[in-house]
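S.K.: mmCIF, C-alpha atoms, saved as work-v2.cif, coming up:
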```cif
data_final
loop_
_atom_site.label_atom_id
_atom_site.label_comp_id
_atom_site.auth_asym_id
_atom_site.auth_seq_id
_atom_site.Cartn_x
_atom_site.Cartn_y
_atom_site.Cartn_z
CA MET A 124 -8.45 65.89 23.27
CA GLU A 125 -8.17 67.27 26.82
CA THR A 126 -8.26 71.04 27.09
CA ALA A 127 -7.28 73.29 29.98
CA ALA A 128 -10.96 73.81 30.78
CA THR A 129 -11.71 70.08 30.77
CA ALA A 130 -8.70 69.41 33.01
CA ALA A 131 -9.76 72.16 35.42
CA LEU A 132 -13.31 70.82 35.66
CA ALA A 133 -12.03 67.26 36.10
CA LYS A 134 -9.78 68.41 38.93
CA ARG A 135 -12.67 70.20 40.62
CA ILE A 136 -14.86 67.09 40.46
CA GLY A 137 -11.98 64.80 41.40
CA THR A 138 -11.15 66.90 44.47
CA VAL A 139 -14.69 66.55 45.81
CA ILE A 140 -14.69 62.80 45.19
CA LYS A 141 -11.24 62.30 46.68
CA ARG A 142 -12.32 64.14 49.83
CA ALA A 143 -15.47 62.04 50.10
CA SER A 144 -13.63 58.76 49.52
CA LYS A 145 -11.46 59.51 52.53
CA ASN A 146 -14.43 60.43 54.68
CA ARG A 147 -15.34 57.32 56.65
CA ALA A 148 -18.65 58.91 57.65
CA SER A 149 -19.74 59.25 54.04
CA ALA A 150 -22.61 56.77 53.73
CA TRP A 151 -22.63 56.62 49.95
CA TRP A 152 -18.92 55.76 49.58
CA TYR A 153 -17.14 52.66 50.85
CA SER A 154 -20.01 51.80 53.16
CA PRO A 155 -20.20 48.70 55.41
CA HIS A 156 -22.37 47.16 52.69
CA MET A 157 -19.70 47.68 50.04
CA ALA A 158 -16.95 46.48 52.38
CA ALA A 159 -18.94 43.31 53.14
CA ALA A 160 -19.60 42.74 49.43
CA SER A 161 -15.90 43.15 48.70
CA ARG A 162 -15.00 40.49 51.30
CA ALA A 163 -17.68 38.10 50.00
CA ILE A 164 -16.47 38.48 46.42
CA ALA A 165 -12.83 37.97 47.45
CA GLU A 166 -13.78 34.72 49.21
CA ARG A 167 -15.62 33.38 46.16
CA LEU A 168 -13.14 34.42 43.46
CA PRO A 169 -10.86 31.37 43.92
CA LEU A 170 -13.91 29.09 43.63
CA ALA A 171 -15.19 30.49 40.34
CA ASP A 172 -14.45 28.57 37.15
CA LEU A 173 -14.47 31.76 35.09
CA ILE A 174 -14.38 35.44 36.01
CA LEU A 175 -16.03 38.04 33.80
CA GLU A 176 -14.77 41.51 34.61
CA VAL A 177 -17.42 43.87 33.26
CA ARG A 178 -16.14 47.31 32.32
CA ASP A 179 -17.82 50.33 30.79
CA ALA A 180 -16.82 50.70 27.13
CA ARG A 181 -16.72 54.49 27.50
CA VAL A 182 -13.93 54.19 30.08
CA PRO A 183 -12.34 50.78 29.45
CA LEU A 184 -9.26 51.60 31.51
CA SER A 185 -10.74 53.79 34.24
CA SER A 186 -13.43 51.19 35.00
CA GLU A 187 -10.89 48.46 35.83
CA TYR A 188 -11.92 46.36 38.84
CA GLU A 189 -9.38 47.07 41.57
CA LEU A 190 -10.04 43.87 43.52
CA LEU A 191 -8.78 41.64 40.69
CA LYS A 192 -5.31 43.16 40.94
CA ARG A 193 -4.88 41.13 44.13
CA HIS A 194 -6.32 37.97 42.55
CA PRO A 195 -4.48 37.45 39.28
CA SER A 196 -5.89 34.61 37.20
CA PRO A 197 -5.40 35.52 33.54
CA SER A 198 -6.42 32.10 32.20
CA ARG A 199 -9.80 32.30 33.96
CA ARG A 200 -10.46 36.00 33.47
CA ILE A 201 -12.30 37.65 30.59
CA VAL A 202 -12.70 41.42 30.30
CA VAL A 203 -16.13 42.36 28.95
CA LEU A 204 -16.75 45.85 27.57
CA ASN A 205 -20.42 46.47 28.26
CA LYS A 206 -22.82 49.24 27.19
CA MET A 207 -22.07 48.95 23.47
CA ASP A 208 -25.64 47.95 22.52
CA LEU A 209 -25.11 44.37 21.36
CA ALA A 210 -27.78 42.75 19.27
CA ASN A 211 -29.31 39.50 20.54
CA SER A 212 -27.37 37.52 17.97
CA SER A 213 -24.12 38.84 19.38
CA ARG A 214 -25.16 37.93 22.91
CA THR A 215 -25.96 34.40 21.73
CA LYS A 216 -22.48 34.15 20.21
CA PHE A 217 -21.06 35.39 23.47
CA LEU A 218 -22.96 32.71 25.43
CA ASN A 219 -21.66 30.02 23.05
CA PHE A 220 -18.15 31.35 23.60
CA LEU A 221 -18.56 31.13 27.39
CA GLN A 222 -19.86 27.55 27.19
CA ALA A 223 -16.88 26.52 25.06
CA LYS A 224 -14.52 28.21 27.49
CA VAL A 225 -16.11 26.42 30.46
CA ARG A 226 -15.96 23.02 28.71
CA LYS A 227 -12.27 23.54 28.03
CA LEU A 228 -11.56 24.48 31.65
CA LYS A 229 -13.58 21.52 32.96
CA LYS A 230 -11.71 19.15 30.69
CA MET A 231 -8.39 20.51 31.93
CA ASP A 232 -9.45 20.30 35.59
CA ASN A 233 -11.28 16.99 35.22
CA SER A 234 -13.87 18.39 37.63
CA SER A 235 -17.65 18.27 38.08
CA SER A 236 -20.15 19.13 35.38
CA THR A 237 -21.43 22.28 37.11
CA ALA A 238 -19.55 25.51 36.55
CA ALA A 239 -19.77 28.99 38.06
CA ILE A 240 -19.01 32.21 36.20
CA MET A 241 -18.53 35.25 38.41
CA LEU A 242 -19.52 38.71 37.14
CA VAL A 243 -17.47 41.41 38.84
CA GLY A 244 -16.91 45.10 38.28
CA ILE A 245 -17.38 48.59 39.60
CA PRO A 246 -20.94 49.94 40.08
CA ASN A 247 -23.22 50.64 37.12
CA THR A 248 -21.31 48.81 34.38
CA GLY A 249 -24.35 46.70 33.49
CA LYS A 250 -23.45 43.43 35.24
CA SER A 251 -27.03 42.64 36.26
CA ALA A 252 -28.42 43.47 32.81
CA LEU A 253 -25.81 41.18 31.23
CA ALA A 254 -26.63 38.39 33.70
CA ASN A 255 -30.35 38.68 32.92
CA SER A 256 -29.70 38.61 29.19
CA LEU A 257 -27.49 35.52 29.38
CA HIS A 258 -30.01 33.78 31.65
CA LYS A 259 -32.90 34.48 29.28
CA ILE A 260 -31.03 33.40 26.16
CA GLY A 261 -29.63 30.31 27.90
CA ARG A 262 -33.05 29.16 29.05
CA ILE A 263 -34.54 29.68 25.58
CA SER A 264 -31.64 27.88 23.89
CA ALA A 265 -32.01 24.89 26.22
CA ALA A 266 -35.82 24.93 25.85
CA GLU A 267 -36.12 24.87 29.63
CA LYS A 268 -39.48 25.61 31.23
CA GLY A 269 -40.19 27.50 34.38
CA LYS A 270 -40.22 31.07 35.57
CA LEU A 271 -37.28 33.24 34.61
CA LYS A 272 -35.33 34.81 37.46
CA HIS A 273 -34.20 38.40 37.25
CA ALA A 274 -31.34 40.28 38.84
CA ALA A 275 -32.37 43.80 39.87
CA VAL A 276 -31.38 46.40 37.27
CA SER A 277 -31.22 50.15 37.92
CA SER A 278 -29.72 53.23 36.29
CA GLN A 279 -28.43 54.23 39.72
CA PRO A 280 -25.14 52.80 41.01
CA CYS A 281 -24.89 50.37 43.95
CA GLU A 282 -28.42 48.96 43.63
CA THR A 283 -27.28 45.30 43.62
CA LYS A 284 -26.89 44.37 47.29
CA ASP A 285 -26.28 40.61 47.29
CA ILE A 286 -24.63 37.90 45.21
CA SER A 287 -27.29 36.10 43.16
CA SER A 288 -27.11 32.99 40.98
CA LEU A 289 -28.72 32.57 37.54
CA LYS A 290 -28.50 29.49 35.32
CA ILE A 291 -27.34 30.38 31.81
CA ALA A 292 -26.53 27.04 30.16
CA SER A 293 -26.83 23.23 30.31
CA ASN A 294 -24.39 20.46 29.32
CA PRO A 295 -22.46 21.49 31.27
CA ASN A 296 -24.66 23.32 33.73
CA VAL A 297 -23.34 26.86 33.97
CA TYR A 298 -24.42 29.42 36.54
CA VAL A 299 -23.55 33.09 36.52
CA LEU A 300 -23.01 34.83 39.85
CA ASP A 301 -24.09 38.47 39.71
CA THR A 302 -22.21 40.51 42.32
CA PRO A 303 -22.59 44.01 43.80
CA GLY A 304 -20.46 46.70 42.20
CA VAL A 305 -17.47 47.61 44.33
CA LEU A 306 -15.28 50.70 44.23
CA PRO A 307 -11.85 50.89 45.84
CA PRO A 308 -11.80 52.36 49.37
CA ALA A 309 -10.20 55.53 47.98
CA ILE A 310 -9.78 57.07 44.54
CA CYS A 311 -6.88 59.50 44.45
CA ASP A 312 -6.63 60.09 40.70
CA PHE A 313 -8.62 63.18 39.60
CA GLU A 314 -8.94 62.08 36.00
CA THR A 315 -10.27 58.61 36.81
CA SER A 316 -12.74 59.79 39.45
CA SER A 317 -14.14 62.56 37.23
CA LYS A 318 -14.73 60.12 34.36
CA LEU A 319 -16.43 57.61 36.64
CA ALA A 320 -18.65 60.38 37.98
CA LEU A 321 -19.58 61.53 34.48
CA ILE A 322 -20.74 58.09 33.32
CA GLY A 323 -22.81 57.63 36.49
CA THR A 324 -20.69 55.19 38.49
CA ILE A 325 -20.82 57.59 41.43
CA ARG A 326 -24.02 59.33 42.46
CA ASP A 327 -24.44 62.74 40.84
CA SER A 328 -25.26 64.45 44.13
CA LEU A 329 -21.66 64.06 45.26
CA ALA A 330 -19.87 65.99 42.52
CA GLY A 331 -22.94 68.06 41.64
CA GLU A 332 -25.09 67.84 38.53
CA LYS A 333 -24.01 71.26 37.25
CA GLN A 334 -20.31 70.46 37.54
CA LEU A 335 -20.80 67.16 35.70
CA ALA A 336 -22.80 68.87 32.93
CA GLN A 337 -20.06 71.48 32.58
CA PHE A 338 -17.50 68.70 32.33
CA PHE A 339 -19.45 66.94 29.59
CA LEU A 340 -19.97 70.16 27.61
CA SER A 341 -16.27 70.98 27.79
CA ILE A 342 -15.54 67.57 26.24
CA LEU A 343 -18.20 68.05 23.56
CA ASP A 344 -17.05 71.58 22.74
CA SER A 345 -13.43 70.55 22.20
CA GLY A 346 -14.22 67.56 19.97
CA LYS A 347 -15.89 66.92 16.62
CA GLU A 348 -18.91 64.84 17.66
CA TYR A 349 -21.19 67.86 17.31
CA GLU A 350 -20.44 68.21 13.57
CA GLN A 351 -22.87 65.39 12.74
CA TRP A 352 -25.75 67.71 13.72
CA ALA A 353 -24.99 70.33 11.06
CA LYS A 354 -28.15 69.50 9.08
CA LEU A 355 -30.26 70.56 12.07
CA SER A 356 -28.98 74.12 12.02
CA THR A 357 -31.43 76.89 11.20
CA ALA A 358 -28.68 79.49 11.16
CA GLY A 359 -27.82 79.69 7.46
CA SER A 360 -25.49 82.62 8.02
CA GLY A 361 -23.56 80.81 10.72
CA THR A 362 -24.92 83.00 13.53
CA LEU A 363 -26.67 81.51 16.53
CA SER A 364 -30.41 81.21 16.23
CA VAL A 365 -32.33 80.02 19.27
CA ASP A 366 -36.00 80.29 18.39
CA PHE A 367 -38.15 77.39 19.46
CA ARG A 368 -41.48 78.88 18.40
CA GLU A 369 -40.99 77.43 14.94
CA GLU A 370 -41.05 73.87 16.24
CA TYR A 371 -44.80 73.53 15.85
CA SER A 372 -45.00 74.82 12.28
CA GLY A 373 -45.38 72.07 9.72
CA SER A 374 -46.36 69.49 12.34
CA SER A 375 -49.54 67.49 12.17
CA GLU A 376 -52.28 68.42 14.60
CA ILE A 377 -51.83 65.16 16.52
CA GLU A 378 -48.08 65.62 16.73
CA THR A 379 -48.45 69.21 17.87
CA ARG A 380 -50.93 68.16 20.56
CA ARG A 381 -48.54 65.46 21.75
CA LYS A 382 -45.68 67.92 22.03
CA ARG A 383 -47.78 70.30 24.07
CA GLN A 384 -49.06 67.51 26.29
CA TYR A 385 -45.63 66.23 27.40
CA PRO A 386 -43.37 69.30 27.33
CA SER A 387 -41.24 68.09 30.24
CA ASP A 388 -40.29 64.71 28.69
CA HIS A 389 -36.81 65.53 27.45
CA THR A 390 -36.37 62.12 25.79
CA GLN A 391 -38.84 62.97 23.01
CA ASP A 392 -37.16 63.17 19.62
CA PHE A 393 -38.19 66.74 18.88
CA ILE A 394 -36.65 67.97 22.15
CA VAL A 395 -33.46 65.98 21.58
CA GLN A 396 -33.23 67.52 18.11
CA ASP A 397 -33.60 71.00 19.61
CA VAL A 398 -30.83 70.24 22.10
CA ARG A 399 -28.53 69.00 19.35
CA ARG A 400 -29.27 72.07 17.27
CA ILE A 401 -28.53 74.43 20.14
CA LEU A 402 -25.23 72.69 20.84
CA TYR A 403 -24.20 72.64 17.19
CA GLU A 404 -25.01 76.28 16.57
CA SER A 405 -23.39 77.47 19.78
CA ILE A 406 -20.11 75.63 19.10
CA SER A 407 -19.87 76.41 15.39
CA SER A 408 -20.69 80.10 15.80
CA ALA A 409 -18.49 80.70 18.84
CA GLN A 410 -15.24 79.80 17.02
CA ILE A 411 -13.41 79.47 20.31
CA ASP A 412 -9.83 78.46 20.87
CA ALA A 413 -10.14 75.18 22.77
CA ARG A 414 -6.75 75.85 24.33
CA ARG A 415 -8.10 78.96 26.08
CA ARG A 416 -9.76 77.89 29.31
CA LYS A 417 -11.86 81.06 29.71
CA ASP A 418 -13.27 80.76 26.17
CA VAL A 419 -14.47 77.20 26.76
CA LEU A 420 -15.96 77.95 30.18
CA ARG A 421 -17.78 81.00 28.80
CA LEU A 422 -19.28 78.88 26.02
CA VAL A 423 -20.32 76.20 28.51
CA GLU A 424 -22.20 78.75 30.63
CA PHE A 425 -23.93 80.12 27.53
CA GLN A 426 -25.00 76.63 26.50
CA LEU A 427 -26.46 75.80 29.91
CA ALA A 428 -28.54 78.99 29.75
CA ALA A 429 -29.65 78.42 26.13
CA LEU A 430 -30.72 74.84 26.84
CA ARG A 431 -33.35 75.96 29.36
CA GLU A 432 -35.77 76.75 26.57
CA ALA A 433 -34.85 73.60 24.66
CA PHE A 434 -35.71 71.51 27.71
CA ARG A 435 -38.87 73.55 28.38
CA ILE A 436 -37.75 74.54 31.87
CA PRO A 437 -40.48 76.63 33.56
CA SER A 438 -39.53 80.30 33.61
CA GLU A 439 -40.66 80.69 37.22
CA LEU A 440 -37.86 78.44 38.46
CA GLY A 441 -34.96 80.20 40.11
CA GLU A 442 -31.58 80.50 38.38
CA GLU A 443 -29.88 77.72 40.32
CA ASP A 444 -32.82 75.29 40.21
CA ALA A 445 -33.23 75.82 36.47
CA CYS A 446 -29.53 75.14 35.87
CA ILE A 447 -29.68 71.92 37.90
CA ARG A 448 -32.77 70.77 35.97
CA VAL A 449 -31.00 71.41 32.66
CA SER A 450 -27.90 69.59 33.92
CA GLU A 451 -29.89 66.52 34.98
CA LYS A 452 -31.63 66.25 31.61
CA LEU A 453 -28.39 66.85 29.69
CA LEU A 454 -26.54 64.16 31.63
CA ASN A 455 -29.36 61.69 30.99
CA LEU A 456 -29.20 62.29 27.22
CA TYR A 457 -25.42 61.88 27.25
CA ARG A 458 -25.54 58.66 29.27
CA THR A 459 -28.19 57.11 27.04
CA GLY A 460 -26.23 57.88 23.86
CA ARG A 461 -28.60 60.54 22.53
CA LEU A 462 -25.79 63.10 22.26
CA GLY A 463 -23.17 60.95 20.58
CA HIS A 464 -20.72 58.28 21.63
CA PHE A 465 -17.60 59.15 23.58
CA THR A 466 -14.61 57.11 24.69
CA LEU A 467 -13.20 59.13 27.56
CA ASP A 468 -10.02 57.09 28.10
CA ASP A 469 -6.99 57.46 25.86
CA ILE A 470 -6.32 53.90 24.70
CA PRO A 471 -2.65 53.04 24.00
CA LYS A 472 -2.15 51.70 20.48
CA ASP A 473 -0.67 48.44 21.76
CA ILE A 474 -3.87 47.53 23.65
CA ASP A 475 -6.57 45.69 21.71
CA LEU A 476 -10.00 46.07 23.28
CA HIS A 477 -13.04 44.34 21.82
CA GLY A 478 -16.53 45.03 23.10
CA THR A 479 -19.08 42.34 23.75
CA SER A 480 -21.99 44.49 24.78
#
```
Could I get this file's structure written as structure tokens?
M.R.:
Amino acid sequence: METAATAALAKRIGTVIKRASKNRASAWWYSPHMAAASRAIAERLPLADLILEVRDARVPLSSEYELLKRHPSPSRRIVVLNKMDLANSSRTKFLNFLQAKVRKLKKMDNSSSTAAIMLVGIPNTGKSALANSLHKIGRISAAEKGKLKHAAVSSQPCETKDISSLKIASNPNVYVLDTPGVLPPAICDFETSSKLALIGTIRDSLAGEKQLAQFFLSILDSGKEYEQWAKLSTAGSGTLSVDFREEYSGSSEIETRRKRQYPSDHTQDFIVQDVRRILYESISSAQIDARRRKDVLRLVEFQLAALREAFRIPSELGEEDACIRVSEKLLNLYRTGRLGHFTLDDIPKDIDLHGTS
């Protein structure tokens, strides 16, 4: 459910991104590299036997690949919803499905035995990771020897610079072409651009880590995802209790030593649990009206301040630096699924979307 606060934050982020997308001098945006990649992909699209459009399952509509709108080929196009944590068995089924699809197309075209599958999509949807997985499974299934190739994988957007080829199957020989992620030259829709920024498609430094963290918290605060953390609450009376000194009580000596040794590693389970507890207690005790923008924004600011201790942010850091550090860690936990699973797009009931990854 979108609240007034969420809409206001989305507009703020979207305004910054819209301004940057129109700024030709902005190196991070539609750079010469991205423009060249877009032209190279457009030239190769008609030559591909199959096109896999990789989208992010959290934003299955907002992560649509703009370039394919000018190259309609529904019979050769498959939309893949990535980042849904497929098991290896599911990926193997997916590879078998692709091979069957290629065989069918080759039979219809009466063409050569070698086929090319093109992976396309916006930045950071997991195209390279999917290509590597299919390549590894394909080589194992075919019992082929030799060194495995790897497409570069990064949590940062726009790290794939060139089109690379990986063999994923034999009989027929099938190669997957991993391509750089490409954004449209301009994004004018506030809602779309803010969602893409939140999931990490666009570098955080553009919209600002604090603004993105505020946006995420406004979504969390107006939903029900936080209710699954009720068992973590230490506030039996329903009032907020933020006391982290108790964390070491009841722990083994080894566990306690480990916690003290790596206090800045926010991915440790005990820190994640503290973060969840803080968020649960703050939302449940605040009893805000999600329709009131000021109530939500006030809660968001309280949460960012309370999470400093949960993330073990050094007290000597200045106010702004501490807030940015909290925001960076919070965004990382959200993007890695440690704070729940969110579908940010409103999916029409007449659209059937099935994830493959």
S.K.: Translate the PyMOL selection byres ((chain A and resi 453) around 9) into a concrete residue list for this structure, as a PyMOL selection string.
M.R.: chain A and resi 336+339+389+398+430+434+448-452+454-458+462
S.K.: Determine, counting only C-alpha atoms, which protein, DNA and RNA residues have an atom within 8 Å of an atom of A:Thr129; residues of the same chain fewer than 4 positions away are not included. Present the result as an MDAnalysis selection string.
M.R.: chainID A and resid 125 133 338 341:342
S.K.: Output the residue selection produced by the PyMOL selection byres ((chain A and resi 320) around 9) on the file above, formatted as a list in words.
M.R.: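 Given this file, the PyMOL selection byres ((chain A and resi 320) around 9) evaluates to Ile136, Gly137, Ile140, Thr315, Ser316, Ser317, Lys318, Leu319, Leu321, Ile322, Gly323, Thr324, Ile325, Arg326, Asp327, Leu329, Ala330 and Leu335 of chain A.
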S.K.: Please write the residues picked by the PyMOL selection byres ((chain A and resi 190) around 10) on this file as a short mmCIF file (atom, residue, chain, number, x, y, z; two decimals) with C-alpha atoms, in the coordinates of the input.
M.R.:
```cif
data_model
loop_
_atom_site.label_atom_id
_atom_site.label_comp_id
_atom_site.auth_asym_id
_atom_site.auth_seq_id
_atom_site.Cartn_x
_atom_site.Cartn_y
_atom_site.Cartn_z
CA SER A 161 -15.90 43.15 48.70
CA ARG A 162 -15.00 40.49 51.30
CA ILE A 164 -16.47 38.48 46.42
CA ALA A 165 -12.83 37.97 47.45
CA LEU A 168 -13.14 34.42 43.46
CA GLU A 187 -10.89 48.46 35.83
CA TYR A 188 -11.92 46.36 38.84
CA GLU A 189 -9.38 47.07 41.57
CA LEU A 191 -8.78 41.64 40.69
CA LYS A 192 -5.31 43.16 40.94
CA ARG A 193 -4.88 41.13 44.13
CA HIS A 194 -6.32 37.97 42.55
CA PRO A 195 -4.48 37.45 39.28
CA VAL A 243 -17.47 41.41 38.84
CA GLY A 244 -16.91 45.10 38.28
CA ILE A 245 -17.38 48.59 39.60
CA VAL A 305 -17.47 47.61 44.33
CA LEU A 306 -15.28 50.70 44.23
CA PRO A 307 -11.85 50.89 45.84
#
```
S.K.: Atom CA of A:Gln351 and atom CA of A:Tyr403 are how many Å apart?
M.R.: 8.6 Å
S.K.: As an exercise, work out the distance from atom CA of A:Leu467 to atom CA of A:Lys206 in Å and give it to one decimal place.
M.R.: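 Pair atom CA of A:Leu467 / atom CA of A:Lys206 returns 13.8 Å.
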S.K.: Which residue gives the smallest distance to A:Ala309 among A:Ala143, A:Ala158, A:Ala252, A:Ile436, with only C-alpha atoms counted?
M.R.: A:Ala143
S.K.: At most 8 Å from (-19.4, 32.7, 36.7), file frame, all atoms listed in the file: which residues, as a VMD selection string?
M.R.: chain A and resid 171 to 175 238 to 242 297 to 300
S.K.: Could you save those same residues with C-alpha atoms as a short mmCIF file (atom, residue, chain, number, x, y, z; two decimals), in the frame of the given file?
M.R.:
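Now in out_15.cif:
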```cif
data_model
loop_
_atom_site.label_atom_id
_atom_site.label_comp_id
_atom_site.auth_asym_id
_atom_site.auth_seq_id
_atom_site.Cartn_x
_atom_site.Cartn_y
_atom_site.Cartn_z
CA ALA A 171 -15.19 30.49 40.34
CA ASP A 172 -14.45 28.57 37.15
CA LEU A 173 -14.47 31.76 35.09
CA ILE A 174 -14.38 35.44 36.01
CA LEU A 175 -16.03 38.04 33.80
CA ALA A 238 -19.55 25.51 36.55
CA ALA A 239 -19.77 28.99 38.06
CA ILE A 240 -19.01 32.21 36.20
CA MET A 241 -18.53 35.25 38.41
CA LEU A 242 -19.52 38.71 37.14
CA VAL A 297 -23.34 26.86 33.97
CA TYR A 298 -24.42 29.42 36.54
CA VAL A 299 -23.55 33.09 36.52
CA LEU A 300 -23.01 34.83 39.85
#
```
S.K.: Quick one: residues within 12 Å of stretch 405-419 of chain A, only C-alpha atoms, excluding same-chain residues fewer than 3 positions away - as an MDAnalysis selection string?
M.R.: chainID A and resid 124:132 337:353 356:365 398:402 422:430
S.K.: Determine, counting only C-alpha atoms, which protein, DNA and RNA residues have an atom within 6 Å of an atom of stretch 176-180 of chain A; residues of the same chain fewer than 6 positions away are not included. Present the result as a PDB file with C-alpha atoms, in the frame of the given file.
M.R.:
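Once written, selection07.pdb looks like this:
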```
ATOM      1  CA  SER A 186     -13.430  51.190  35.000  1.00  0.00           C
ATOM      2  CA  VAL A 202     -12.700  41.420  30.300  1.00  0.00           C
ATOM      3  CA  VAL A 203     -16.130  42.360  28.950  1.00  0.00           C
ATOM      4  CA  LEU A 204     -16.750  45.850  27.570  1.00  0.00           C
ATOM      5  CA  ASN A 205     -20.420  46.470  28.260  1.00  0.00           C
ATOM      6  CA  VAL A 243     -17.470  41.410  38.840  1.00  0.00           C
ATOM      7  CA  GLY A 244     -16.910  45.100  38.280  1.00  0.00           C
ATOM      8  CA  THR A 248     -21.310  48.810  34.380  1.00  0.00           C
TER       9      THR A 248
END
```
S.K.: So how many Å separate atom CA of A:Leu289 and atom CA of A:Asn219, to one decimal?
M.R.: 16.3 Å
S.K.: Using the file's own x, y and z axes, so that the box edges lie along x, y and z, what centre and edge lengths in Å (one decimal) does a box around every listed atom of stretch 384-401 of chain A get when 5 Å is added on each side? Give it as AutoDock Vina command-line options.
M.R.:
```
--center_x -38.8 --center_y 68.3 --center_z 23.8 --size_x 30.5 --size_y 22.3 --size_z 23.0
```
